[in-house]
Amino acid sequence: MEVVKQAHLQVNTDLGALTHILSWFDQFNSAIIPPSIWLQCQLALAEGFTNAVRHAHKNSPQETPIDIEITLFDQLLEIRIWDVGSGFDLTQQLNQMPLEVDSDAEGGRGLKLMQQLSDSLTYTQTGDRRNCLLIAKKFSAPA
């Protein structure tokens with residue numbers, strides 16, 4: 001697979017940064033990505049960042065950095081979000097969640113939603129004591 005474009009962004013632990021993140025992410029809105037896939041990736045990015053702020057960095061200072069890296073391949077988009085929280089077992093958390101998500105619930109839908117929107121969703125601790133949420137979405141370029 002060939003890398004078409006790659007970029008990195010670091011923001012503080014602040015939900016207010018989401019507008020900036022989504023604006024920055026627009027540089028990846030390419031003719032090779034179908035519009036429906038683009039919207040799914042945009043939503044998954046927003047959910048992943050929001051979870052990092054609300055859960056991983058819940059008791060962290062606002063200056064705590066969250067790193068975001070996007071890699072666009074010719075038929076795949078990868079979103080990586082790094083946090084410095086204590087981490088959790090994504091598979092176990094997903095298995096404990098109800099199959100049907102309450103659409104009226106205030107929260108608790110983000111992980112299931114990201115799982116449904118992506119082709120691959122992983123959360124692993126990296127060697128530098130950070131955690132990396134990887135959201136991968138495959139696509140075929142429009143004809």
# chains A, B, ... in the order shown; residues from 1 in each chain; ligands from 1

$ select_by_dssp --residues "chain A" --states "strand (DSSP E)" --output "MDAnalysis selection string"
chainID A and resid 3:12 65:73 76:83 120:125 131:138

$ write_last_selection --atoms "C-alpha atoms" --output "short mmCIF file (atom, residue, chain, number, x, y, z; two decimals), in the first residue's frame"
data_model
loop_
_atom_site.label_atom_id
_atom_site.label_comp_id
_atom_site.auth_asym_id
_atom_site.auth_seq_id
_atom_site.Cartn_x
_atom_site.Cartn_y
_atom_site.Cartn_z
CA VAL A 3 1.03 6.37 1.55
CA VAL A 4 -0.82 9.24 -0.12
CA LYS A 5 -0.61 11.69 2.78
CA GLN A 6 0.32 11.69 6.45
CA ALA A 7 0.11 14.37 9.16
CA HIS A 8 0.41 14.75 12.92
CA LEU A 9 -1.35 17.13 15.32
CA GLN A 10 -0.92 17.64 19.05
CA VAL A 11 -3.64 19.29 21.11
CA ASN A 12 -4.37 19.80 24.79
CA PRO A 65 -1.17 16.42 25.26
CA ILE A 66 -3.20 14.22 22.96
CA ASP A 67 -1.46 13.28 19.73
CA ILE A 68 -3.35 12.53 16.54
CA GLU A 69 -1.84 11.05 13.41
CA ILE A 70 -3.67 10.43 10.17
CA THR A 71 -2.27 8.26 7.40
CA LEU A 72 -4.08 8.09 4.08
CA PHE A 73 -3.19 5.17 1.86
CA LEU A 76 -7.20 2.82 3.62
CA LEU A 77 -7.41 5.62 6.17
CA GLU A 78 -5.75 5.15 9.58
CA ILE A 79 -6.45 7.38 12.55
CA ARG A 80 -4.19 7.09 15.59
CA ILE A 81 -5.00 8.88 18.83
CA TRP A 82 -2.44 8.71 21.67
CA ASP A 83 -3.30 9.38 25.30
CA SER A 120 -10.32 -2.38 12.61
CA LEU A 121 -10.34 -0.84 16.08
CA THR A 122 -7.50 -1.46 18.55
CA TYR A 123 -6.24 0.16 21.74
CA THR A 124 -2.74 -0.73 22.84
CA GLN A 125 -0.13 0.53 25.26
CA ASN A 131 -1.91 4.34 24.72
CA CYS A 132 -2.79 4.31 21.04
CA LEU A 133 -6.31 4.02 19.68
CA LEU A 134 -6.08 2.88 16.06
CA ILE A 135 -9.12 3.28 13.84
CA ALA A 136 -8.71 1.86 10.34
CA LYS A 137 -11.21 2.20 7.51
CA LYS A 138 -10.84 0.60 4.07
#

$ residues_around --residues "A:Ser60" --least-positions-apart "5" --cutoff "9 Å" --atoms "only C-alpha atoms" --output "ChimeraX atom specification"
/A:13,53,85

$ atom_distance --atom1 "atom CA of A:His20" --atom2 "atom CA of A:Gln62"
15.8 Å

$ residues_around --residues "A:Leu111" --least-positions-apart "4" --cutoff "10 Å" --atoms "only C-alpha atoms" --output "number ranges by chain"
A: 44, 47-48, 51, 90, 93-94, 97, 115-117, 121

$ residues_around --residues "A:Leu15" --least-positions-apart "3" --cutoff "9 Å" --atoms "only C-alpha atoms" --output "list in words"
Asn12, Leu18, Thr19, Phe49, Thr50, Val53 and Arg54 of chain A

$ write_last_selection --atoms "C-alpha atoms" --output "mmCIF file, in the first residue's frame"
data_model
loop_
_atom_site.group_PDB
_atom_site.id
_atom_site.type_symbol
_atom_site.label_atom_id
_atom_site.label_comp_id
_atom_site.auth_asym_id
_atom_site.auth_seq_id
_atom_site.Cartn_x
_atom_site.Cartn_y
_atom_site.Cartn_z
ATOM 1 C CA ASN A 12 -4.366 19.797 24.789
ATOM 2 C CA LEU A 18 -12.427 19.303 18.545
ATOM 3 C CA THR A 19 -13.352 22.097 16.119
ATOM 4 C CA PHE A 49 -10.757 12.280 20.717
ATOM 5 C CA THR A 50 -13.767 12.896 22.965
ATOM 6 C CA VAL A 53 -10.504 13.732 26.938
ATOM 7 C CA ARG A 54 -13.452 12.407 28.961
#

$ select_by_dssp --residues "chain A" --states "alpha helix (DSSP H)" --output "PyMOL selection string"
chain A and resi 18-25+35-51+90-96+110-117

$ closest_residue --among "A:Ser118, A:Val84, A:Ala141, A:Arg129" --to "A:Gln40" --atoms "only C-alpha atoms"
A:Ser118

$ residues_around --residues "A:Pro35" --least-positions-apart "6" --cutoff "12 Å" --atoms "only C-alpha atoms" --output "JSON, numbers by chain"
{"A": [28, 29, 41, 42, 139, 140, 141, 142]}

$ write_last_selection --atoms "N, CA, C and O atoms" --output "tab-separated table (two decimals), in the first residue's frame"
chain	number	residue	atom	x	y	z
A	28	PHE	N	-7.51	15.81	4.59
A	28	PHE	CA	-7.54	14.43	4.10
A	28	PHE	C	-8.80	14.13	3.29
A	28	PHE	O	-8.95	13.02	2.79
A	29	ASN	N	-9.70	15.09	3.20
A	29	ASN	CA	-10.92	14.89	2.43
A	29	ASN	C	-10.54	14.92	0.95
A	29	ASN	O	-10.41	15.97	0.35
A	41	CYS	N	-15.33	8.36	9.01
A	41	CYS	CA	-14.00	8.58	9.59
A	41	CYS	C	-13.99	9.85	10.44
A	41	CYS	O	-13.38	9.88	11.51
A	42	GLN	N	-14.66	10.87	9.98
A	42	GLN	CA	-14.75	12.12	10.73
A	42	GLN	C	-15.45	11.89	12.07
A	42	GLN	O	-14.99	12.36	13.11
A	139	PHE	N	-11.46	1.54	1.95
A	139	PHE	CA	-12.40	2.11	0.98
A	139	PHE	C	-11.92	1.80	-0.43
A	139	PHE	O	-10.77	1.42	-0.64
A	140	SER	N	-12.82	1.92	-1.36
A	140	SER	CA	-12.48	1.82	-2.79
A	140	SER	C	-12.74	3.19	-3.38
A	140	SER	O	-13.79	3.80	-3.12
A	141	ALA	N	-11.82	3.67	-4.15
A	141	ALA	CA	-11.98	4.98	-4.77
A	141	ALA	C	-13.19	4.98	-5.69
A	141	ALA	O	-13.47	3.98	-6.37
A	142	PRO	N	-13.95	6.08	-5.70
A	142	PRO	CA	-15.11	6.17	-6.59
A	142	PRO	C	-14.69	6.01	-8.05
A	142	PRO	O	-13.61	6.42	-8.44

$ closest_residue --among "A:Asp74, A:Asp89, A:Asp128, A:Asp119" --to "A:Ser30" --atoms "only C-alpha atoms"
A:Asp74

$ closest_residue --among "A:Leu113, A:Leu45, A:Ala52, A:Ile37" --to "A:Phe25" --atoms "only C-alpha atoms"
A:Leu45

$ decode --residues "stretch 59-76 of chain A" --atoms "N, CA and C atoms" --output "compact mmCIF listing (two decimals), in the first residue's frame"
# COMPACT_ATOMS: atom_id res chain seq x y z
N ASN A 59 -8.85 13.01 34.89
CA ASN A 59 -8.31 13.78 36.02
C ASN A 59 -6.96 14.42 35.69
N SER A 60 -6.67 14.59 34.42
CA SER A 60 -5.40 15.16 33.99
C SER A 60 -5.53 16.66 33.77
N PRO A 61 -4.42 17.38 33.91
CA PRO A 61 -4.45 18.82 33.60
C PRO A 61 -4.78 19.04 32.13
N GLN A 62 -5.38 20.19 31.84
CA GLN A 62 -5.76 20.51 30.46
C GLN A 62 -4.55 20.54 29.53
N GLU A 63 -3.36 20.80 30.08
CA GLU A 63 -2.15 20.87 29.26
C GLU A 63 -1.65 19.50 28.83
N THR A 64 -2.25 18.43 29.34
CA THR A 64 -1.83 17.07 28.96
C THR A 64 -2.06 16.88 27.46
N PRO A 65 -1.03 16.51 26.72
CA PRO A 65 -1.17 16.42 25.26
C PRO A 65 -1.89 15.15 24.79
N ILE A 66 -2.62 15.32 23.72
CA ILE A 66 -3.20 14.22 22.96
C ILE A 66 -2.63 14.36 21.56
N ASP A 67 -2.04 13.28 21.07
CA ASP A 67 -1.46 13.28 19.73
C ASP A 67 -2.40 12.57 18.77
N ILE A 68 -2.51 13.12 17.59
CA ILE A 68 -3.35 12.53 16.54
C ILE A 68 -2.51 12.42 15.28
N GLU A 69 -2.55 11.26 14.67
CA GLU A 69 -1.84 11.05 13.41
C GLU A 69 -2.80 10.41 12.43
N ILE A 70 -2.83 10.96 11.24
CA ILE A 70 -3.67 10.43 10.17
C ILE A 70 -2.74 9.97 9.05
N THR A 71 -3.00 8.77 8.56
CA THR A 71 -2.27 8.26 7.40
C THR A 71 -3.30 7.83 6.37
N LEU A 72 -3.19 8.43 5.20
CA LEU A 72 -4.08 8.09 4.08
C LEU A 72 -3.28 7.25 3.09
N PHE A 73 -3.75 6.05 2.88
CA PHE A 73 -3.19 5.17 1.86
C PHE A 73 -4.13 5.21 0.65
N ASP A 74 -3.79 4.51 -0.42
CA ASP A 74 -4.63 4.54 -1.62
C ASP A 74 -6.00 3.87 -1.41
N GLN A 75 -6.14 2.99 -0.41
CA GLN A 75 -7.44 2.36 -0.15
C GLN A 75 -7.71 2.15 1.34
N LEU A 76 -7.07 2.97 2.18
CA LEU A 76 -7.20 2.82 3.62
C LEU A 76 -6.90 4.14 4.31
